[in-house]
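Everything below belongs to structure_20.csv, which stores CSV, N, CA and C atoms.
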chain,number,residue,atom,x,y,z
A,262,MET,N,-29.4,21.1,23.5
A,262,MET,CA,-28.6,19.9,23.8
A,262,MET,C,-29.2,18.6,23.1
A,263,ARG,N,-30.5,18.6,22.8
A,263,ARG,CA,-31.1,17.5,22.2
A,263,ARG,C,-30.6,17.4,20.7
A,264,ALA,N,-30.2,18.5,20.2
A,264,ALA,CA,-29.7,18.5,18.8
A,264,ALA,C,-28.4,17.7,18.6
A,265,MET,N,-27.6,17.7,19.6
A,265,MET,CA,-26.3,17.0,19.4
A,265,MET,C,-26.4,15.5,19.1
A,266,PRO,N,-27.2,14.7,19.8
A,266,PRO,CA,-27.2,13.3,19.4
A,266,PRO,C,-27.8,13.2,18.0
A,267,LEU,N,-28.8,14.0,17.7
A,267,LEU,CA,-29.4,13.9,16.3
A,267,LEU,C,-28.4,14.3,15.3
A,268,LEU,N,-27.6,15.3,15.5
A,268,LEU,CA,-26.5,15.7,14.6
A,268,LEU,C,-25.5,14.6,14.5
A,269,ALA,N,-25.1,14.0,15.5
A,269,ALA,CA,-24.1,12.8,15.5
A,269,ALA,C,-24.7,11.7,14.7
A,270,LEU,N,-26.0,11.4,14.9
A,270,LEU,CA,-26.6,10.3,14.1
A,270,LEU,C,-26.6,10.6,12.6
A,271,ALA,N,-27.0,11.9,12.3
A,271,ALA,CA,-27.0,12.3,10.9
A,271,ALA,C,-25.6,12.2,10.2
A,272,LEU,N,-24.6,12.6,11.0
A,272,LEU,CA,-23.2,12.5,10.4
A,272,LEU,C,-22.8,11.0,10.2
A,273,ALA,N,-23.2,10.2,11.2
A,273,ALA,CA,-22.9,8.7,11.1
A,273,ALA,C,-23.5,8.1,9.9
A,274,VAL,N,-24.8,8.5,9.6
A,274,VAL,CA,-25.5,7.9,8.5
A,274,VAL,C,-25.0,8.5,7.2
A,275,ALA,N,-24.5,9.7,7.2
A,275,ALA,CA,-24.1,10.3,5.9
A,275,ALA,C,-22.6,10.0,5.6
A,276,ALA,N,-21.8,9.5,6.5
A,276,ALA,CA,-20.4,9.2,6.3
A,276,ALA,C,-20.2,8.2,5.2
A,277,PRO,N,-20.9,7.1,5.0
A,277,PRO,CA,-20.6,6.2,3.8
A,277,PRO,C,-20.9,6.9,2.5
A,278,ALA,N,-21.8,7.8,2.5
A,278,ALA,CA,-22.1,8.6,1.2
A,278,ALA,C,-21.0,9.5,0.8
A,279,LEU,N,-20.2,9.9,1.8
A,279,LEU,CA,-19.1,10.8,1.5
A,279,LEU,C,-17.8,10.1,1.3
A,280,ALA,N,-17.8,8.7,1.4
A,280,ALA,CA,-16.6,7.9,1.3
A,280,ALA,C,-16.0,8.0,-0.1
A,281,ASP,N,-16.8,8.0,-1.2
A,281,ASP,CA,-16.2,8.1,-2.6
A,281,ASP,C,-16.0,9.5,-2.9
A,282,SER,N,-14.9,9.7,-3.8
A,282,SER,CA,-14.6,11.1,-4.2
A,282,SER,C,-15.6,11.4,-5.4
A,283,LEU,N,-15.5,12.6,-5.8
A,283,LEU,CA,-16.3,13.1,-6.9
A,283,LEU,C,-15.5,13.1,-8.2
A,284,LEU,N,-14.3,12.5,-8.2
A,284,LEU,CA,-13.5,12.4,-9.4
A,284,LEU,C,-14.1,11.4,-10.4
A,285,PRO,N,-13.9,11.7,-11.6
A,285,PRO,CA,-14.4,10.7,-12.6
A,285,PRO,C,-13.6,9.4,-12.5
A,286,PRO,N,-14.2,8.3,-12.9
A,286,PRO,CA,-13.5,7.0,-12.8
A,286,PRO,C,-12.2,7.0,-13.7
A,287,ALA,N,-11.3,6.1,-13.3
A,287,ALA,CA,-10.0,5.9,-14.1
A,287,ALA,C,-10.4,5.5,-15.5
A,288,ARG,N,-9.4,5.8,-16.4
A,288,ARG,CA,-9.7,5.6,-17.8
A,288,ARG,C,-10.2,4.2,-18.2
A,289,TYR,N,-9.6,3.2,-17.7
A,289,TYR,CA,-10.0,1.8,-18.1
A,289,TYR,C,-10.7,1.1,-16.9
A,290,ALA,N,-11.3,1.9,-16.0
A,290,ALA,CA,-12.0,1.2,-14.9
A,290,ALA,C,-13.2,0.4,-15.4
A,291,ASN,N,-13.9,1.0,-16.4
A,291,ASN,CA,-15.2,0.3,-16.9
A,291,ASN,C,-15.1,0.2,-18.4
A,292,VAL,N,-14.0,0.4,-19.0
A,292,VAL,CA,-13.8,0.3,-20.5
A,292,VAL,C,-12.9,-0.8,-20.8
A,293,GLN,N,-13.3,-1.7,-21.7
A,293,GLN,CA,-12.5,-2.8,-22.1
A,293,GLN,C,-11.4,-2.4,-23.0
A,294,LEU,N,-10.3,-3.2,-23.1
A,294,LEU,CA,-9.2,-3.0,-24.0
A,294,LEU,C,-9.7,-3.4,-25.4
A,295,ALA,N,-9.1,-2.7,-26.4
A,295,ALA,CA,-9.5,-3.0,-27.8
A,295,ALA,C,-9.1,-4.4,-28.3
A,296,ASP,N,-8.0,-4.9,-27.8
A,296,ASP,CA,-7.5,-6.2,-28.1
A,296,ASP,C,-8.2,-7.3,-27.3
A,297,PRO,N,-9.0,-8.1,-27.9
A,297,PRO,CA,-9.7,-9.1,-27.1
A,297,PRO,C,-8.8,-10.1,-26.3
A,298,ARG,N,-7.7,-10.4,-26.8
A,298,ARG,CA,-6.7,-11.3,-26.1
A,298,ARG,C,-6.2,-10.6,-24.8
A,299,GLN,N,-5.9,-9.4,-25.0
A,299,GLN,CA,-5.4,-8.6,-23.8
A,299,GLN,C,-6.5,-8.4,-22.8
A,300,GLU,N,-7.7,-8.2,-23.3
A,300,GLU,CA,-8.9,-8.0,-22.3
A,300,GLU,C,-9.1,-9.3,-21.6
A,301,ARG,N,-9.0,-10.5,-22.3
A,301,ARG,CA,-9.2,-11.8,-21.6
A,301,ARG,C,-8.2,-12.0,-20.5
A,302,GLN,N,-6.9,-11.6,-20.8
A,302,GLN,CA,-5.8,-11.7,-19.8
A,302,GLN,C,-6.2,-10.8,-18.6
A,303,ALA,N,-6.6,-9.6,-18.9
A,303,ALA,CA,-6.9,-8.6,-17.8
A,303,ALA,C,-8.0,-9.1,-17.0
A,304,LYS,N,-9.1,-9.6,-17.6
A,304,LYS,CA,-10.3,-10.1,-16.9
A,304,LYS,C,-9.9,-11.3,-16.0
A,305,ALA,N,-9.1,-12.2,-16.6
A,305,ALA,CA,-8.7,-13.4,-15.8
A,305,ALA,C,-7.9,-13.0,-14.6
A,306,LEU,N,-7.1,-12.0,-14.7
A,306,LEU,CA,-6.3,-11.5,-13.5
A,306,LEU,C,-7.2,-10.8,-12.5
A,307,MET,N,-8.1,-10.0,-13.0
A,307,MET,CA,-9.0,-9.2,-12.2
A,307,MET,C,-9.9,-10.1,-11.3
A,308,GLU,N,-10.2,-11.3,-11.8
A,308,GLU,CA,-11.0,-12.3,-11.1
A,308,GLU,C,-10.3,-12.8,-9.9
A,309,THR,N,-8.9,-12.8,-9.9
A,309,THR,CA,-8.1,-13.4,-8.9
A,309,THR,C,-7.6,-12.4,-7.9
A,310,ILE,N,-7.9,-11.1,-8.1
A,310,ILE,CA,-7.5,-10.0,-7.2
A,310,ILE,C,-8.6,-9.6,-6.3
A,311,ARG,N,-8.4,-9.5,-5.0
A,311,ARG,CA,-9.4,-9.2,-4.0
A,311,ARG,C,-9.6,-7.7,-3.9
A,312,CYS,N,-10.8,-7.2,-3.9
A,312,CYS,CA,-11.1,-5.8,-3.7
A,312,CYS,C,-10.6,-5.4,-2.2
A,313,LEU,N,-9.8,-4.3,-2.2
A,313,LEU,CA,-9.3,-3.9,-0.9
A,313,LEU,C,-10.4,-3.2,0.0
A,314,VAL,N,-11.4,-2.7,-0.6
A,314,VAL,CA,-12.5,-2.1,0.1
A,314,VAL,C,-13.6,-3.1,0.5
A,315,CYS,N,-14.1,-3.8,-0.5
A,315,CYS,CA,-15.2,-4.8,-0.2
A,315,CYS,C,-14.7,-6.0,0.5
A,316,GLN,N,-13.5,-6.5,0.2
A,316,GLN,CA,-12.8,-7.6,0.9
A,316,GLN,C,-13.5,-9.0,0.6
A,317,GLY,N,-14.7,-9.0,0.1
A,317,GLY,CA,-15.3,-10.3,-0.2
A,317,GLY,C,-15.5,-10.5,-1.7
A,318,GLN,N,-15.1,-9.5,-2.4
A,318,GLN,CA,-15.4,-9.5,-3.9
A,318,GLN,C,-14.1,-9.4,-4.6
A,319,SER,N,-14.0,-9.9,-5.8
A,319,SER,CA,-12.9,-9.6,-6.7
A,319,SER,C,-13.0,-8.2,-7.2
A,320,ILE,N,-12.0,-7.6,-7.7
A,320,ILE,CA,-12.1,-6.3,-8.3
A,320,ILE,C,-12.9,-6.3,-9.6
A,321,ALA,N,-13.0,-7.4,-10.2
A,321,ALA,CA,-13.9,-7.5,-11.4
A,321,ALA,C,-15.4,-7.3,-11.1
A,322,ASP,N,-15.8,-7.7,-9.9
A,322,ASP,CA,-17.2,-7.7,-9.5
A,322,ASP,C,-17.5,-6.5,-8.6
A,323,SER,N,-16.5,-5.8,-8.1
A,323,SER,CA,-16.7,-4.7,-7.2
A,323,SER,C,-17.0,-3.4,-7.9
A,324,ASN,N,-17.9,-2.6,-7.2
A,324,ASN,CA,-18.2,-1.2,-7.7
A,324,ASN,C,-17.4,-0.2,-7.0
A,325,ALA,N,-16.6,-0.5,-6.0
A,325,ALA,CA,-15.8,0.4,-5.3
A,325,ALA,C,-14.9,1.2,-6.2
A,326,GLU,N,-14.7,2.5,-5.8
A,326,GLU,CA,-13.8,3.3,-6.6
A,326,GLU,C,-12.4,2.8,-6.7
A,327,MET,N,-11.9,2.3,-5.6
A,327,MET,CA,-10.5,1.7,-5.6
A,327,MET,C,-10.4,0.5,-6.5
A,328,ALA,N,-11.5,-0.3,-6.6
A,328,ALA,CA,-11.5,-1.5,-7.5
A,328,ALA,C,-11.4,-1.0,-8.9
A,329,GLY,N,-12.1,0.0,-9.2
A,329,GLY,CA,-12.1,0.6,-10.6
A,329,GLY,C,-10.7,1.1,-10.9
A,330,ASP,N,-10.0,1.7,-9.9
A,330,ASP,CA,-8.6,2.2,-10.2
A,330,ASP,C,-7.7,1.0,-10.4
A,331,MET,N,-7.9,-0.1,-9.7
A,331,MET,CA,-7.1,-1.3,-9.8
A,331,MET,C,-7.4,-2.0,-11.2
A,332,ARG,N,-8.6,-2.0,-11.6
A,332,ARG,CA,-9.0,-2.6,-12.9
A,332,ARG,C,-8.3,-1.8,-14.0
A,333,SER,N,-8.3,-0.5,-13.9
A,333,SER,CA,-7.7,0.4,-14.9
A,333,SER,C,-6.2,0.2,-14.9
A,334,LEU,N,-5.6,0.1,-13.7
A,334,LEU,CA,-4.1,-0.2,-13.6
A,334,LEU,C,-3.7,-1.5,-14.3
A,335,ILE,N,-4.5,-2.5,-14.1
A,335,ILE,CA,-4.2,-3.8,-14.7
A,335,ILE,C,-4.4,-3.7,-16.2
A,336,ARG,N,-5.4,-3.1,-16.7
A,336,ARG,CA,-5.6,-3.0,-18.1
A,336,ARG,C,-4.5,-2.2,-18.8
A,337,GLU,N,-4.1,-1.1,-18.1
A,337,GLU,CA,-3.0,-0.2,-18.7
A,337,GLU,C,-1.7,-1.0,-18.8
A,338,ARG,N,-1.4,-1.8,-17.7
A,338,ARG,CA,-0.1,-2.5,-17.7
A,338,ARG,C,-0.2,-3.7,-18.7
A,339,ILE,N,-1.3,-4.3,-18.9
A,339,ILE,CA,-1.4,-5.4,-19.9
A,339,ILE,C,-1.3,-4.8,-21.3
A,340,ALA,N,-1.9,-3.6,-21.5
A,340,ALA,CA,-1.9,-3.0,-22.8
A,340,ALA,C,-0.4,-2.5,-23.1
A,341,ALA,N,0.4,-2.3,-22.1
A,341,ALA,CA,1.8,-1.9,-22.3
A,341,ALA,C,2.7,-3.1,-22.5
A,342,GLY,N,2.1,-4.3,-22.4
A,342,GLY,CA,2.9,-5.5,-22.7
A,342,GLY,C,3.3,-6.3,-21.5
A,343,GLU,N,3.0,-5.8,-20.3
A,343,GLU,CA,3.4,-6.5,-19.1
A,343,GLU,C,2.6,-7.8,-18.9
A,344,SER,N,3.2,-8.8,-18.4
A,344,SER,CA,2.5,-10.1,-18.2
A,344,SER,C,1.7,-10.1,-16.9
A,345,PRO,N,0.6,-10.9,-16.9
A,345,PRO,CA,-0.3,-10.9,-15.8
A,345,PRO,C,0.4,-11.4,-14.5
A,346,ASP,N,1.4,-12.3,-14.7
A,346,ASP,CA,2.2,-12.8,-13.5
A,346,ASP,C,3.0,-11.7,-12.9
A,347,SER,N,3.6,-10.8,-13.7
A,347,SER,CA,4.4,-9.7,-13.1
A,347,SER,C,3.5,-8.7,-12.5
A,348,ILE,N,2.3,-8.5,-13.0
A,348,ILE,CA,1.4,-7.5,-12.4
A,348,ILE,C,0.9,-8.1,-11.1
A,349,ARG,N,0.6,-9.4,-11.0
A,349,ARG,CA,0.2,-10.0,-9.8
A,349,ARG,C,1.3,-9.9,-8.7
A,350,ALA,N,2.5,-10.1,-9.1
A,350,ALA,CA,3.7,-10.0,-8.2
A,350,ALA,C,3.8,-8.6,-7.7
A,351,TRP,N,3.6,-7.6,-8.6
A,351,TRP,CA,3.7,-6.2,-8.2
A,351,TRP,C,2.6,-5.9,-7.2
A,352,LEU,N,1.3,-6.3,-7.4
A,352,LEU,CA,0.2,-6.1,-6.5
A,352,LEU,C,0.5,-6.7,-5.2
A,353,ILE,N,1.0,-8.0,-5.2
A,353,ILE,CA,1.3,-8.7,-3.9
A,353,ILE,C,2.4,-7.9,-3.1
A,354,SER,N,3.4,-7.4,-3.8
A,354,SER,CA,4.5,-6.7,-3.2
A,354,SER,C,4.0,-5.4,-2.6
A,355,ARG,N,3.0,-4.8,-3.2
A,355,ARG,CA,2.5,-3.5,-2.8
A,355,ARG,C,1.4,-3.7,-1.6
A,356,TYR,N,0.5,-4.7,-1.8
A,356,TYR,CA,-0.6,-4.8,-0.9
A,356,TYR,C,-0.5,-6.1,0.0
A,357,GLY,N,0.4,-6.9,-0.2
A,357,GLY,CA,0.6,-8.1,0.6
A,357,GLY,C,-0.1,-9.3,0.0
A,358,GLU,N,0.1,-10.5,0.5
A,358,GLU,CA,-0.4,-11.7,0.0
A,358,GLU,C,-1.9,-11.8,0.0
A,359,TRP,N,-2.5,-11.0,0.9
A,359,TRP,CA,-3.9,-11.0,1.1
A,359,TRP,C,-4.7,-10.6,-0.1
A,360,VAL,N,-4.1,-9.8,-1.0
A,360,VAL,CA,-4.8,-9.2,-2.2
A,360,VAL,C,-5.2,-10.2,-3.2
A,361,THR,N,-4.6,-11.4,-3.2
A,361,THR,CA,-4.8,-12.4,-4.2
A,361,THR,C,-5.7,-13.6,-3.6
A,362,TYR,N,-6.6,-14.1,-4.4
A,362,TYR,CA,-7.4,-15.2,-4.0
A,362,TYR,C,-6.6,-16.5,-4.2
A,363,ALA,N,-5.4,-16.5,-4.8
A,363,ALA,CA,-4.6,-17.7,-5.1
A,363,ALA,C,-3.2,-17.4,-4.4
A,364,PRO,N,-3.1,-17.6,-3.1
A,364,PRO,CA,-1.8,-17.4,-2.4
A,364,PRO,C,-0.8,-18.3,-2.9
A,365,VAL,N,0.5,-17.9,-2.9
A,365,VAL,CA,1.6,-18.7,-3.3
A,365,VAL,C,1.9,-19.8,-2.2
A,366,LEU,N,2.3,-21.0,-2.6
A,366,LEU,CA,2.6,-22.0,-1.7
A,366,LEU,C,4.0,-21.8,-1.1
A,367,GLU,N,4.0,-21.4,0.1
A,367,GLU,CA,5.3,-21.2,0.9
A,367,GLU,C,5.0,-21.6,2.3
A,368,PRO,N,6.0,-21.7,3.1
A,368,PRO,CA,5.8,-22.1,4.5
A,368,PRO,C,4.8,-21.3,5.3
A,369,ALA,N,4.7,-20.0,5.0
A,369,ALA,CA,3.7,-19.2,5.7
A,369,ALA,C,2.2,-19.5,5.3
A,370,THR,N,2.0,-20.1,4.1
A,370,THR,CA,0.7,-20.4,3.6
A,370,THR,C,0.4,-21.9,3.7
A,371,TRP,N,1.3,-22.7,4.2
A,371,TRP,CA,1.0,-24.1,4.3
A,371,TRP,C,-0.3,-24.4,5.0
A,372,PRO,N,-0.6,-23.7,6.1
A,372,PRO,CA,-1.9,-24.0,6.8
A,372,PRO,C,-3.1,-23.7,5.9
A,373,LEU,N,-3.0,-22.7,5.1
A,373,LEU,CA,-4.1,-22.4,4.2
A,373,LEU,C,-4.4,-23.5,3.2
A,374,TRP,N,-3.3,-24.1,2.7
A,374,TRP,CA,-3.5,-25.2,1.7
A,374,TRP,C,-3.8,-26.5,2.4
A,375,ALA,N,-3.4,-26.7,3.6
A,375,ALA,CA,-3.6,-28.0,4.3
A,375,ALA,C,-4.9,-28.0,5.0
A,376,ALA,N,-5.5,-26.9,5.4
A,376,ALA,CA,-6.7,-26.9,6.2
A,376,ALA,C,-7.9,-27.6,5.6
A,377,PRO,N,-8.2,-27.5,4.3
A,377,PRO,CA,-9.3,-28.2,3.7
A,377,PRO,C,-9.1,-29.8,3.8
A,378,ALA,N,-7.9,-30.2,3.6
A,378,ALA,CA,-7.7,-31.7,3.7
A,378,ALA,C,-7.8,-32.2,5.1
A,379,VAL,N,-7.3,-31.4,6.1
A,379,VAL,CA,-7.3,-31.8,7.5
A,379,VAL,C,-8.8,-31.8,7.9
A,380,LEU,N,-9.6,-30.8,7.5
A,380,LEU,CA,-11.0,-30.7,7.9
A,380,LEU,C,-11.8,-31.9,7.3
A,381,LEU,N,-11.5,-32.2,6.1
A,381,LEU,CA,-12.2,-33.3,5.4
A,381,LEU,C,-11.9,-34.6,6.1
A,382,LEU,N,-10.6,-34.8,6.4
A,382,LEU,CA,-10.2,-36.1,7.1
A,382,LEU,C,-10.8,-36.2,8.4
A,383,GLY,N,-10.9,-35.0,9.1
A,383,GLY,CA,-11.5,-35.0,10.5
A,383,GLY,C,-13.0,-35.3,10.4
A,384,GLY,N,-13.6,-34.8,9.4
A,384,GLY,CA,-15.1,-35.0,9.2
A,384,GLY,C,-15.3,-36.5,8.9
A,385,LEU,N,-14.5,-37.1,8.0
A,385,LEU,CA,-14.6,-38.5,7.7
A,385,LEU,C,-14.4,-39.4,8.9
A,386,TRP,N,-13.4,-39.0,9.8
A,386,TRP,CA,-13.1,-39.8,11.0
A,386,TRP,C,-14.3,-39.7,11.9
A,387,LEU,N,-14.9,-38.5,12.1
A,387,LEU,CA,-16.1,-38.4,13.0
A,387,LEU,C,-17.3,-39.1,12.4
A,388,ALA,N,-17.5,-39.1,11.1
A,388,ALA,CA,-18.6,-39.8,10.5
A,388,ALA,C,-18.4,-41.3,10.7
A,389,ARG,N,-17.2,-41.8,10.5
A,389,ARG,CA,-16.9,-43.2,10.7
A,389,ARG,C,-17.3,-43.7,12.1
A,390,GLY,N,-16.9,-42.9,13.1
A,390,GLY,CA,-17.3,-43.2,14.5
A,390,GLY,C,-18.8,-43.3,14.7
A,391,ARG,N,-19.5,-42.4,14.1
A,391,ARG,CA,-21.0,-42.4,14.2
A,391,ARG,C,-21.6,-43.6,13.5
A,392,PHE,N,-21.1,-43.9,12.4
A,392,PHE,CA,-21.7,-45.1,11.7
A,392,PHE,C,-21.4,-46.4,12.4
A,393,ARG,N,-20.2,-46.5,13.0
A,393,ARG,CA,-19.9,-47.7,13.8
A,393,ARG,C,-20.8,-47.9,15.0
A,394,ARG,N,-21.1,-46.7,15.6
A,394,ARG,CA,-22.1,-46.8,16.8
A,394,ARG,C,-23.5,-47.2,16.4
A,395,LYS,N,-23.9,-46.8,15.2
A,395,LYS,CA,-25.3,-47.1,14.7
A,395,LYS,C,-25.3,-48.6,14.4
A,396,ARG,N,-24.3,-49.1,13.8
A,396,ARG,CA,-24.3,-50.6,13.4
A,396,ARG,C,-24.4,-51.5,14.7
A,397,ARG,N,-23.7,-51.1,15.7
A,397,ARG,CA,-23.7,-51.9,17.0
A,397,ARG,C,-25.0,-51.9,17.7
A,398,ALA,N,-25.7,-50.8,17.5
A,398,ALA,CA,-27.0,-50.7,18.3
A,398,ALA,C,-28.1,-51.5,17.7

Written as structure tokens, that's how I'd like the structure from this file.
Amino acid sequence: MRAMPLLALALAVAAPALADSLLPPARYANVQLADPRQERQAKALMETIRCLVCQGQSIADSNAEMAGDMRSLIRERIAAGESPDSIRAWLISRYGEWVTYAPVLEPATWPLWAAPAVLLLGGLWLARGRFRRKRRA
């Protein structure tokens, strides 16, 4: 009976190691395009796409297998002549607005765009009140 908790702990520790497959990486996951202009376009787009596994990194910076697949997909589509904007639109339609670091300005995203200005104005208002109190004292 004592072996069961130890076995459960071993499985929990080993689970992340089993998360990646043993398949080779996608063709263009870590290989740049031959055309430097196309590679620059691909790299610029990859910097703005969020890794779906890491969530805090762009796919350009992530080592996750899925990020490699997405890098390869972007490079293949750019090599085929597709524009970065159409690739971004396709990724957003497939994974949702969350996949991009530059969300589109629409009514649903207004709070995202307005929040920095509101917070800055609120901070200035609070600071103004503190400075007024210090001058009176």

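Reported to one decimal place, the separation of atom N of A:Tyr362 from atom N of A:Ser319 is 8.6 Å.
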
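Pairwise distance (atom CA of A:Leu380, atom CA of A:Ala363) equals 19.5 Å.
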
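Going from atom CA of A:Met331 to atom CA of A:Thr370 covers 24.6 Å.
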
Open item on the list: Show me, as number ranges by chain, the residues that have an atom within 5 Å of stretch 320-326 of chain A when counting all atoms listed in the file, minus same-chain residues fewer than 4 positions from it.
Closed with: A: 307, 310-312, 330

TODO: Check the DSSP output for the backbone and give back, as a PyMOL selection string, the residues of chain A in helix (DSSP H, G or I).
DONE: chain A and resi 264-279+297-308+326-340+345-356+358-360+368-397

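Ranking A:Ile335, A:Leu270, A:Ala376, A:Met327 by their shortest atom-to-atom distance to A:Gln302, with all atoms listed in the file included, puts A:Ile335 first.
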